[in-house]
Amino acid sequence: MSTPTLPQPETPAGRPAANTWRLWILMVWHPAVGMAVDPVAVLALDTAEGADPAQHTVWVPLVYDEANPWRERLAEGVSPERIARWDSVADVCQIAPAAIPEGAVDLRHAAELLLDELLGEVIPALPSRAGA
């Protein structure tokens with residue numbers, strides 16, 4: 001006996017629900033902490049076929065130079081294989097998966113909500129970069 005599959009719920013915008021969305025926090029080396037824990041961006045990826053947008057990145061304001069290593073990596077393109085490779089490498093850049101924020105209506109909104117959380121809670125808790 002097989003279990004019947006339920007129809008996929010949709011967001012108010014008519015998009016497939018967030019089960020195809022993936023979010024990651026892109027971090028760089030923080031000199032005062034001595035680890036790659038300094039968030040510089042949120043990378044959002046929709047794995048659904050024909051997703052629009054299939055990828056979206058929002059950057060932490062005022063960290064342009066610090067974020068350059070990630071800008072260079074993202075310029076090569078984003079794929080699940082590259083993300084897995086970035087996740088497996090321990091260097092000055094780190095990538096961490098993140099949960100989809102509650103209330104996100106589309107992929108862009110999900111990335112922006114996560115960035116808001118980082119700006120409101122995580123980044124203020126880090127010591128100053130100049131403190132190293």
# chains A, B, ... in the order shown; residues from 1 in each chain; ligands from 1

$ select_by_dssp --residues "chain A" --states "alpha helix (DSSP H)" --output "ChimeraX atom specification"
/A:64-75,80-88,107-117,123-125

$ select_by_dssp --residues "chain A" --states "strand (DSSP E or B)" --output "number ranges by chain"
A: 10, 16, 21-30, 35-46, 55-59, 93-98

$ closest_residue --among "A:Ala130, A:Ala104, A:Ile25, A:Leu62" --to "Val37 of chain A" --atoms "only C-alpha atoms"
A:Ile25

$ atom_distance --atom1 "atom CA of Pro97 of chain A" --atom2 "atom CA of Asn68 of chain A"
20.1 Å

$ atom_distance --atom1 "atom CA of Thr20 of chain A" --atom2 "atom CA of Thr47 of chain A"
5.2 Å

$ closest_residue --among "A:Arg82, A:Glu121, A:Leu26, A:Gly50" --to "Asp38 of chain A" --atoms "only C-alpha atoms"
A:Leu26

$ atom_distance --atom1 "atom CA of Ala67 of chain A" --atom2 "atom CA of Asn19 of chain A"
28.3 Å

$ closest_residue --among "A:Ser88, A:Trp29, A:Ala96, A:Ser79" --to "Leu45 of chain A" --atoms "only C-alpha atoms"
A:Ser79

$ residues_around --residues "segment 107-117 of chain A" --least-positions-apart "3" --cutoff "10 Å" --atoms "only C-alpha atoms" --output "number ranges by chain"
A: 15, 17-18, 20-25, 39-46, 51-60, 98-104, 120-123

$ write_last_selection --atoms "N, CA and C atoms" --output "mmCIF file, in the first residue's frame"
data_model
loop_
_atom_site.group_PDB
_atom_site.id
_atom_site.type_symbol
_atom_site.label_atom_id
_atom_site.label_comp_id
_atom_site.auth_asym_id
_atom_site.auth_seq_id
_atom_site.Cartn_x
_atom_site.Cartn_y
_atom_site.Cartn_z
ATOM 1 N N ARG A 15 3.795 30.707 -5.684
ATOM 2 C CA ARG A 15 5.041 29.968 -5.866
ATOM 3 C C ARG A 15 5.004 28.688 -5.052
ATOM 4 N N ALA A 17 5.940 26.148 -2.229
ATOM 5 C CA ALA A 17 6.320 26.439 -0.846
ATOM 6 C C ALA A 17 7.827 26.349 -0.682
ATOM 7 N N ALA A 18 8.299 26.818 0.429
ATOM 8 C CA ALA A 18 9.733 26.966 0.675
ATOM 9 C C ALA A 18 10.502 25.655 0.757
ATOM 10 N N THR A 20 11.700 23.962 -1.499
ATOM 11 C CA THR A 20 12.770 23.926 -2.502
ATOM 12 C C THR A 20 13.781 25.042 -2.292
ATOM 13 N N TRP A 21 13.573 25.854 -1.280
ATOM 14 C CA TRP A 21 14.484 26.962 -1.004
ATOM 15 C C TRP A 21 15.584 26.512 -0.062
ATOM 16 N N ARG A 22 16.781 27.034 -0.272
ATOM 17 C CA ARG A 22 17.911 26.787 0.612
ATOM 18 C C ARG A 22 18.590 28.123 0.871
ATOM 19 N N LEU A 23 18.961 28.352 2.125
ATOM 20 C CA LEU A 23 19.668 29.575 2.503
ATOM 21 C C LEU A 23 20.984 29.224 3.164
ATOM 22 N N TRP A 24 21.992 30.053 2.903
ATOM 23 C CA TRP A 24 23.283 29.905 3.549
ATOM 24 C C TRP A 24 23.774 31.281 3.981
ATOM 25 N N ILE A 25 24.488 31.308 5.080
ATOM 26 C CA ILE A 25 25.165 32.515 5.528
ATOM 27 C C ILE A 25 26.603 32.405 5.057
ATOM 28 N N PRO A 39 29.616 37.407 9.223
ATOM 29 C CA PRO A 39 28.677 37.312 8.105
ATOM 30 C C PRO A 39 28.841 38.482 7.136
ATOM 31 N N VAL A 40 28.918 38.171 5.849
ATOM 32 C CA VAL A 40 29.005 39.211 4.830
ATOM 33 C C VAL A 40 27.862 39.146 3.826
ATOM 34 N N ALA A 41 27.144 38.021 3.788
ATOM 35 C CA ALA A 41 26.051 37.898 2.824
ATOM 36 C C ALA A 41 25.164 36.709 3.175
ATOM 37 N N VAL A 42 23.993 36.707 2.534
ATOM 38 C CA VAL A 42 23.087 35.565 2.581
ATOM 39 C C VAL A 42 22.904 35.108 1.143
ATOM 40 N N LEU A 43 23.123 33.832 0.913
ATOM 41 C CA LEU A 43 22.934 33.224 -0.400
ATOM 42 C C LEU A 43 21.653 32.405 -0.352
ATOM 43 N N ALA A 44 20.758 32.662 -1.296
ATOM 44 C CA ALA A 44 19.498 31.927 -1.376
ATOM 45 C C ALA A 44 19.451 31.201 -2.715
ATOM 46 N N LEU A 45 19.015 29.958 -2.675
ATOM 47 C CA LEU A 45 18.945 29.129 -3.874
ATOM 48 C C LEU A 45 17.611 28.415 -3.891
ATOM 49 N N ASP A 46 16.939 28.427 -5.033
ATOM 50 C CA ASP A 46 15.701 27.682 -5.206
ATOM 51 C C ASP A 46 15.996 26.531 -6.153
ATOM 52 N N ALA A 51 12.708 27.869 -11.471
ATOM 53 C CA ALA A 51 12.536 28.866 -10.411
ATOM 54 C C ALA A 51 13.010 30.233 -10.890
ATOM 55 N N ASP A 52 12.271 31.260 -10.515
ATOM 56 C CA ASP A 52 12.635 32.620 -10.869
ATOM 57 C C ASP A 52 12.414 33.516 -9.671
ATOM 58 N N PRO A 53 13.440 33.917 -8.959
ATOM 59 C CA PRO A 53 14.847 33.683 -9.279
ATOM 60 C C PRO A 53 15.306 32.335 -8.749
ATOM 61 N N ALA A 54 16.284 31.778 -9.391
ATOM 62 C CA ALA A 54 16.859 30.522 -8.923
ATOM 63 C C ALA A 54 17.919 30.787 -7.868
ATOM 64 N N GLN A 55 18.444 32.021 -7.865
ATOM 65 C CA GLN A 55 19.494 32.392 -6.913
ATOM 66 C C GLN A 55 19.338 33.867 -6.570
ATOM 67 N N HIS A 56 19.631 34.184 -5.326
ATOM 68 C CA HIS A 56 19.589 35.578 -4.891
ATOM 69 C C HIS A 56 20.606 35.749 -3.769
ATOM 70 N N THR A 57 21.359 36.836 -3.810
ATOM 71 C CA THR A 57 22.340 37.129 -2.769
ATOM 72 C C THR A 57 22.072 38.521 -2.232
ATOM 73 N N VAL A 58 22.041 38.642 -0.910
ATOM 74 C CA VAL A 58 21.951 39.956 -0.275
ATOM 75 C C VAL A 58 23.199 40.131 0.576
ATOM 76 N N TRP A 59 23.792 41.313 0.479
ATOM 77 C CA TRP A 59 25.068 41.591 1.121
ATOM 78 C C TRP A 59 24.868 42.443 2.364
ATOM 79 N N VAL A 60 25.683 42.180 3.378
ATOM 80 C CA VAL A 60 25.704 43.011 4.571
ATOM 81 C C VAL A 60 26.237 44.375 4.138
ATOM 82 N N ALA A 98 21.203 27.809 6.750
ATOM 83 C CA ALA A 98 20.310 28.524 7.661
ATOM 84 C C ALA A 98 18.868 28.119 7.386
ATOM 85 N N ALA A 99 18.046 28.227 8.408
ATOM 86 C CA ALA A 99 16.622 27.917 8.281
ATOM 87 C C ALA A 99 15.910 29.034 7.512
ATOM 88 N N ILE A 100 14.844 28.660 6.835
ATOM 89 C CA ILE A 100 14.006 29.634 6.141
ATOM 90 C C ILE A 100 13.238 30.423 7.202
ATOM 91 N N PRO A 101 13.361 31.741 7.202
ATOM 92 C CA PRO A 101 12.633 32.526 8.202
ATOM 93 C C PRO A 101 11.120 32.399 8.023
ATOM 94 N N GLU A 102 10.437 32.351 9.132
ATOM 95 C CA GLU A 102 8.985 32.257 9.113
ATOM 96 C C GLU A 102 8.401 33.504 8.461
ATOM 97 N N GLY A 103 7.400 33.307 7.639
ATOM 98 C CA GLY A 103 6.719 34.420 7.000
ATOM 99 C C GLY A 103 7.283 34.828 5.661
ATOM 100 N N ALA A 104 8.334 34.159 5.187
ATOM 101 C CA ALA A 104 8.921 34.511 3.889
ATOM 102 C C ALA A 104 7.942 34.178 2.769
ATOM 103 N N GLY A 120 20.409 42.431 13.131
ATOM 104 C CA GLY A 120 19.831 42.783 14.418
ATOM 105 C C GLY A 120 20.411 42.036 15.602
ATOM 106 N N GLU A 121 20.894 40.799 15.373
ATOM 107 C CA GLU A 121 21.309 39.979 16.504
ATOM 108 C C GLU A 121 22.760 39.509 16.449
ATOM 109 N N VAL A 122 23.190 38.993 15.334
ATOM 110 C CA VAL A 122 24.506 38.358 15.254
ATOM 111 C C VAL A 122 25.628 39.384 15.111
ATOM 112 N N ILE A 123 25.519 40.245 14.148
ATOM 113 C CA ILE A 123 26.605 41.185 13.861
ATOM 114 C C ILE A 123 26.881 42.120 15.047
#

$ closest_residue --among "A:Ala48, A:Pro69, A:Asp106, A:Ala75" --to "Gln94 of chain A" --atoms "only C-alpha atoms"
A:Pro69

$ closest_residue --among "A:Glu76, A:Glu81, A:Asp91, A:Glu49" --to "Val28 of chain A" --atoms "only C-alpha atoms"
A:Asp91
